[in-house]
$ cat start28.txt   # compact mmCIF, C-alpha atoms
# COMPACT_ATOMS: atom_id res chain seq x y z
CA MET A 1 18.44 162.55 65.28
CA LEU A 2 19.69 166.06 64.50
CA LEU A 3 17.05 168.44 63.15
CA ILE A 4 18.09 171.62 61.42
CA TYR A 5 15.57 174.40 61.07
CA PRO A 6 16.06 177.16 58.51
CA SER A 7 16.78 180.58 59.96
CA ASN A 8 14.63 183.61 59.18
CA ASN A 9 17.39 184.87 56.89
CA MET A 10 17.43 181.58 54.98
CA ILE A 11 13.64 181.71 54.57
CA LYS A 12 13.95 185.30 53.26
CA ILE A 13 16.65 184.24 50.78
CA ILE A 14 14.56 181.32 49.52
CA GLY A 15 11.57 183.66 49.18
CA ALA A 16 13.64 186.21 47.27
CA ILE A 17 14.99 183.55 44.90
CA THR A 18 11.46 182.27 44.27
CA LEU A 19 10.17 185.79 43.60
CA ILE A 20 13.04 186.54 41.21
CA THR A 21 12.47 183.28 39.31
CA VAL A 22 8.72 183.89 38.96
CA SER A 23 9.35 187.54 38.01
CA LEU A 24 11.74 186.51 35.24
CA PHE A 25 9.18 184.02 33.94
CA ALA A 26 6.49 186.73 33.97
CA PHE A 27 8.82 189.22 32.24
CA GLN A 28 9.57 186.67 29.53
CA SER A 29 5.84 186.19 28.99
CA CYS A 30 5.38 189.91 28.24
CA ARG A 31 7.49 189.78 25.08
CA THR A 32 5.49 189.09 21.96
CA GLY A 33 5.99 187.91 18.40
CA PRO A 34 3.81 187.72 15.28
CA PRO A 35 0.08 187.35 15.91
CA ILE A 36 -1.15 183.86 16.63
CA LYS A 37 -4.55 182.67 15.45
CA MET A 38 -7.09 182.29 18.24
CA ALA A 39 -10.10 180.01 18.29
CA GLU A 40 -13.03 182.02 16.95
CA LYS A 41 -15.37 181.35 19.85
CA VAL A 42 -14.86 179.42 23.08
CA ASN A 43 -17.89 178.43 25.14
CA LEU A 44 -16.41 178.74 28.62
CA ASP A 45 -19.00 176.43 30.19
CA LEU A 46 -18.05 173.64 27.75
CA PHE A 47 -14.31 174.35 28.15
CA MET A 48 -14.38 173.93 31.94
CA GLY A 49 -13.30 170.64 33.50
CA ASP A 50 -10.27 168.39 33.20
CA TRP A 51 -7.84 168.43 30.29
CA TYR A 52 -4.99 165.91 30.02
CA VAL A 53 -1.78 167.36 28.62
CA ILE A 54 -0.92 165.01 25.74
CA ALA A 55 2.05 166.93 24.34
CA ASN A 56 3.74 170.22 25.04
CA ILE A 57 6.65 172.57 24.85
CA PRO A 58 6.99 172.77 28.64
CA THR A 59 7.71 175.63 30.99
CA PHE A 60 10.57 175.12 33.44
CA ILE A 61 8.19 174.02 36.22
CA GLU A 62 6.67 171.19 34.19
CA LYS A 63 9.77 169.59 32.69
CA GLY A 64 9.64 165.88 33.51
CA ALA A 65 5.87 165.99 34.09
CA HIS A 66 3.92 162.71 33.99
CA ASN A 67 0.11 162.46 34.23
CA ALA A 68 -0.25 166.23 33.70
CA VAL A 69 -3.80 167.50 34.06
CA GLU A 70 -5.12 171.04 33.80
CA SER A 71 -8.50 171.60 35.48
CA TYR A 72 -10.62 174.70 34.95
CA LYS A 73 -13.55 176.01 36.94
CA LEU A 74 -15.44 179.22 36.13
CA ILE A 75 -15.76 181.06 39.45
CA LYS A 76 -17.35 184.24 38.08
CA PRO A 77 -17.76 185.75 34.62
CA GLY A 78 -14.35 185.89 32.95
CA VAL A 79 -12.45 184.45 35.95
CA ILE A 80 -11.25 180.86 35.94
CA ASP A 81 -9.83 178.91 38.87
CA THR A 82 -7.13 176.61 37.50
CA LEU A 83 -5.43 173.60 39.03
CA PHE A 84 -2.41 172.19 37.20
CA SER A 85 -1.12 168.93 38.67
CA PHE A 86 1.38 166.28 37.63
CA ASN A 87 3.83 163.69 38.94
CA LYS A 88 7.42 164.93 38.83
CA ASP A 89 9.86 162.84 36.73
CA SER A 90 7.90 159.55 36.82
CA PHE A 91 4.42 158.09 37.19
CA THR A 92 5.10 157.57 40.90
CA GLY A 93 7.02 160.79 41.46
CA PRO A 94 5.90 163.46 43.89
CA VAL A 95 2.71 165.29 42.97
CA LYS A 96 3.21 168.93 42.06
CA GLN A 97 0.29 171.33 41.97
CA TYR A 98 -0.06 174.92 40.83
CA ASN A 99 -3.19 177.01 41.18
CA PRO A 100 -3.11 180.04 38.89
CA THR A 101 -6.14 182.17 38.13
CA GLY A 102 -7.19 182.74 34.53
CA PHE A 103 -8.66 186.04 33.37
CA VAL A 104 -10.47 186.18 30.02
CA THR A 105 -9.16 189.21 28.12
CA ASP A 106 -10.92 188.83 24.77
CA ASP A 107 -14.68 189.02 24.82
CA PRO A 108 -16.60 187.77 22.82
CA SER A 109 -14.18 185.04 21.65
CA ASN A 110 -13.11 183.99 25.20
CA ALA A 111 -9.96 182.60 23.56
CA ALA A 112 -7.39 185.01 25.03
CA TRP A 113 -6.65 184.78 28.75
CA LYS A 114 -4.02 185.96 31.15
CA MET A 115 -2.82 183.43 33.75
CA GLN A 116 -1.72 184.77 37.09
CA PHE A 117 0.56 182.50 39.11
CA LEU A 118 1.83 185.30 41.33
CA TRP A 119 0.34 188.75 41.80
CA PRO A 120 0.71 191.13 39.95
CA PHE A 121 2.26 189.16 37.07
CA LYS A 122 0.10 187.63 34.33
CA SER A 123 1.19 185.40 31.43
CA GLU A 124 -0.37 185.12 28.00
CA PHE A 125 -2.65 182.09 27.44
CA ILE A 126 -4.33 181.72 24.05
CA ILE A 127 -6.76 179.00 23.06
CA VAL A 128 -5.46 178.44 19.54
CA TYR A 129 -7.76 175.54 18.73
CA ILE A 130 -10.81 173.82 20.18
CA ASP A 131 -12.66 171.10 18.31
CA PRO A 132 -16.46 171.36 18.00
CA ALA A 133 -17.04 168.57 20.55
CA TYR A 134 -14.65 170.15 23.10
CA GLU A 135 -12.56 166.98 23.20
CA TYR A 136 -9.23 168.48 21.99
CA SER A 137 -7.59 171.83 22.50
CA ILE A 138 -4.35 173.62 21.82
CA ILE A 139 -3.10 176.39 24.10
CA GLY A 140 -0.30 178.62 22.88
CA ARG A 141 1.45 181.94 23.20
CA THR A 142 2.47 184.61 20.71
CA LYS A 143 6.16 183.92 21.40
CA ARG A 144 5.66 180.25 20.44
CA ASP A 145 7.83 179.36 23.44
CA TYR A 146 5.28 177.17 25.23
CA LEU A 147 2.51 174.94 23.93
CA TRP A 148 -0.04 172.54 25.37
CA ILE A 149 -1.95 169.99 23.31
CA MET A 150 -4.71 168.67 25.52
CA ALA A 151 -7.55 166.17 25.43
CA ARG A 152 -10.40 165.10 27.68
CA LYS A 153 -8.91 161.60 27.91
CA PRO A 154 -5.32 160.66 28.85
CA LYS A 155 -4.75 158.76 25.59
CA ILE A 156 -5.50 159.77 22.01
CA SER A 157 -4.73 158.13 18.68
CA GLU A 158 -1.48 158.88 16.86
CA ARG A 159 -3.55 160.14 13.95
CA GLN A 160 -5.35 162.65 16.16
CA LEU A 161 -2.12 163.76 17.83
CA ASN A 162 -0.49 164.26 14.43
CA GLN A 163 -3.44 166.42 13.30
CA LEU A 164 -3.12 168.59 16.42
CA VAL A 165 0.66 168.89 16.03
CA GLN A 166 0.08 169.95 12.40
CA ILE A 167 -2.23 172.75 13.58
CA ALA A 168 0.51 173.90 15.96
CA ILE A 169 3.10 173.83 13.16
CA GLU A 170 0.78 175.93 10.98
CA GLN A 171 0.74 178.47 13.83
CA GLY A 172 4.54 178.74 13.75
CA TYR A 173 5.56 176.16 16.35
CA ASP A 174 8.71 174.09 15.87
CA LYS A 175 7.70 170.42 15.54
CA ASP A 176 11.01 169.25 17.04
CA LYS A 177 10.28 171.06 20.31
CA ILE A 178 6.87 169.43 20.82
CA LYS A 179 7.21 166.46 23.17
CA ARG A 180 4.68 163.87 24.28
CA VAL A 181 3.73 163.99 27.97
CA PRO A 182 3.57 160.50 29.53
CA GLN A 183 0.04 159.65 30.68
CA GLN A 184 -1.25 156.54 32.44
$ encode --input "start28.txt" --output "structure tokens"
Amino acid sequence: MLLIYPSNNMIKIIGAITLITVSLFAFQSCRTGPPIKMAEKVNLDLFMGDWYVIANIPTFIEKGAHNAVESYKLIKPGVIDTLFSFNKDSFTGPVKQYNPTGFVTDDPSNAAWKMQFLWPFKSEFIIVYIDPAYEYSIIGRTKRDYLWIMARKPKISERQLNQLVQIAIEQGYDKDKIKRVPQQ
């Protein structure tokens, strides 16, 4: 069996490509559009835990995601440890995990965060909607380029999903871009 190990130069090139890709993503997240409505008040303790991504307008890293789950844990006031995991391209595909840190930027609402995947870059993260029972949420961005409709359970009714999509549409999102995320 012939094993080929990457050279130091190849590792540097791969690292540079990764940094450029993440930098471009972060730069894109800095551009803004018309204001987006935020949830009036988010109780961070109630918001913590697992959220299943039911539908989204995905980022490039999550295209083809199945069983997508976003997990939040408050590690100190205003700082949230986040674990985003999913199976790539099928229910049995390889598991992908990302571990950004969330920083609450709007006190007292707690609805505006910045997500940091790679230092020093932070991306906008706005809790657009949270129901009173903390069972459903919508996360968006001012650019309306990405969206996450999430629930505490992997399956929700079509009626409930349609209500959440309608809220997103009222916030300026394009209904045709919102896609269901397969959950088992």
$ residues_around --input "start28.txt" --residues "Lys76 in chain A" --least-positions-apart "2" --cutoff "12 Å" --atoms "all atoms listed in the file" --output "ChimeraX atom specification"
/A:44-45,73-74,78-81,101-104
$ residues_around --input "start28.txt" --residues "Asn99 in chain A" --least-positions-apart "4" --cutoff "12 Å" --atoms "all atoms listed in the file" --output "ChimeraX atom specification"
/A:69-73,80-85,115-118
$ residues_around --input "start28.txt" --residues "Asp174 in chain A" --least-positions-apart "6" --cutoff "10 Å" --atoms "all atoms listed in the file" --output "PyMOL selection string"
chain A and resi 57+144-145+165+168
$ closest_residue --input "start28.txt" --among "A:Leu46, A:Ala39, A:Ala111, A:Ile149" --to "Tyr129 in chain A" --atoms "only C-alpha atoms"
A:Ala39
$ closest_residue --input "start28.txt" --among "A:Met48, A:Ala112, A:Leu161, A:Val95" --to "Glu62 in chain A" --atoms "all atoms listed in the file"
A:Val95
$ closest_residue --input "start28.txt" --among "A:Phe47, A:Arg180, A:Pro58, A:Ile138" --to "Ile167 in chain A" --atoms "all atoms listed in the file"
A:Ile138
$ axis_aligned_box --input "start28.txt" --around "range 145-159 of chain A" --padding-each-side "8 Å" --output "JSON"
{"center_x": -1.3, "center_y": 168.7, "center_z": 21.4, "size_x": 34.2, "size_y": 37.2, "size_z": 30.9}
$ closest_residue --input "start28.txt" --among "A:Asn67, A:Gln171, A:Thr142, A:Asn43" --to "Phe91 in chain A" --atoms "only C-alpha atoms"
A:Asn67
$ closest_residue --input "start28.txt" --among "A:Lys122, A:Lys114, A:Lys96, A:Lys179" --to "Leu147 in chain A" --atoms "only C-alpha atoms"
A:Lys179
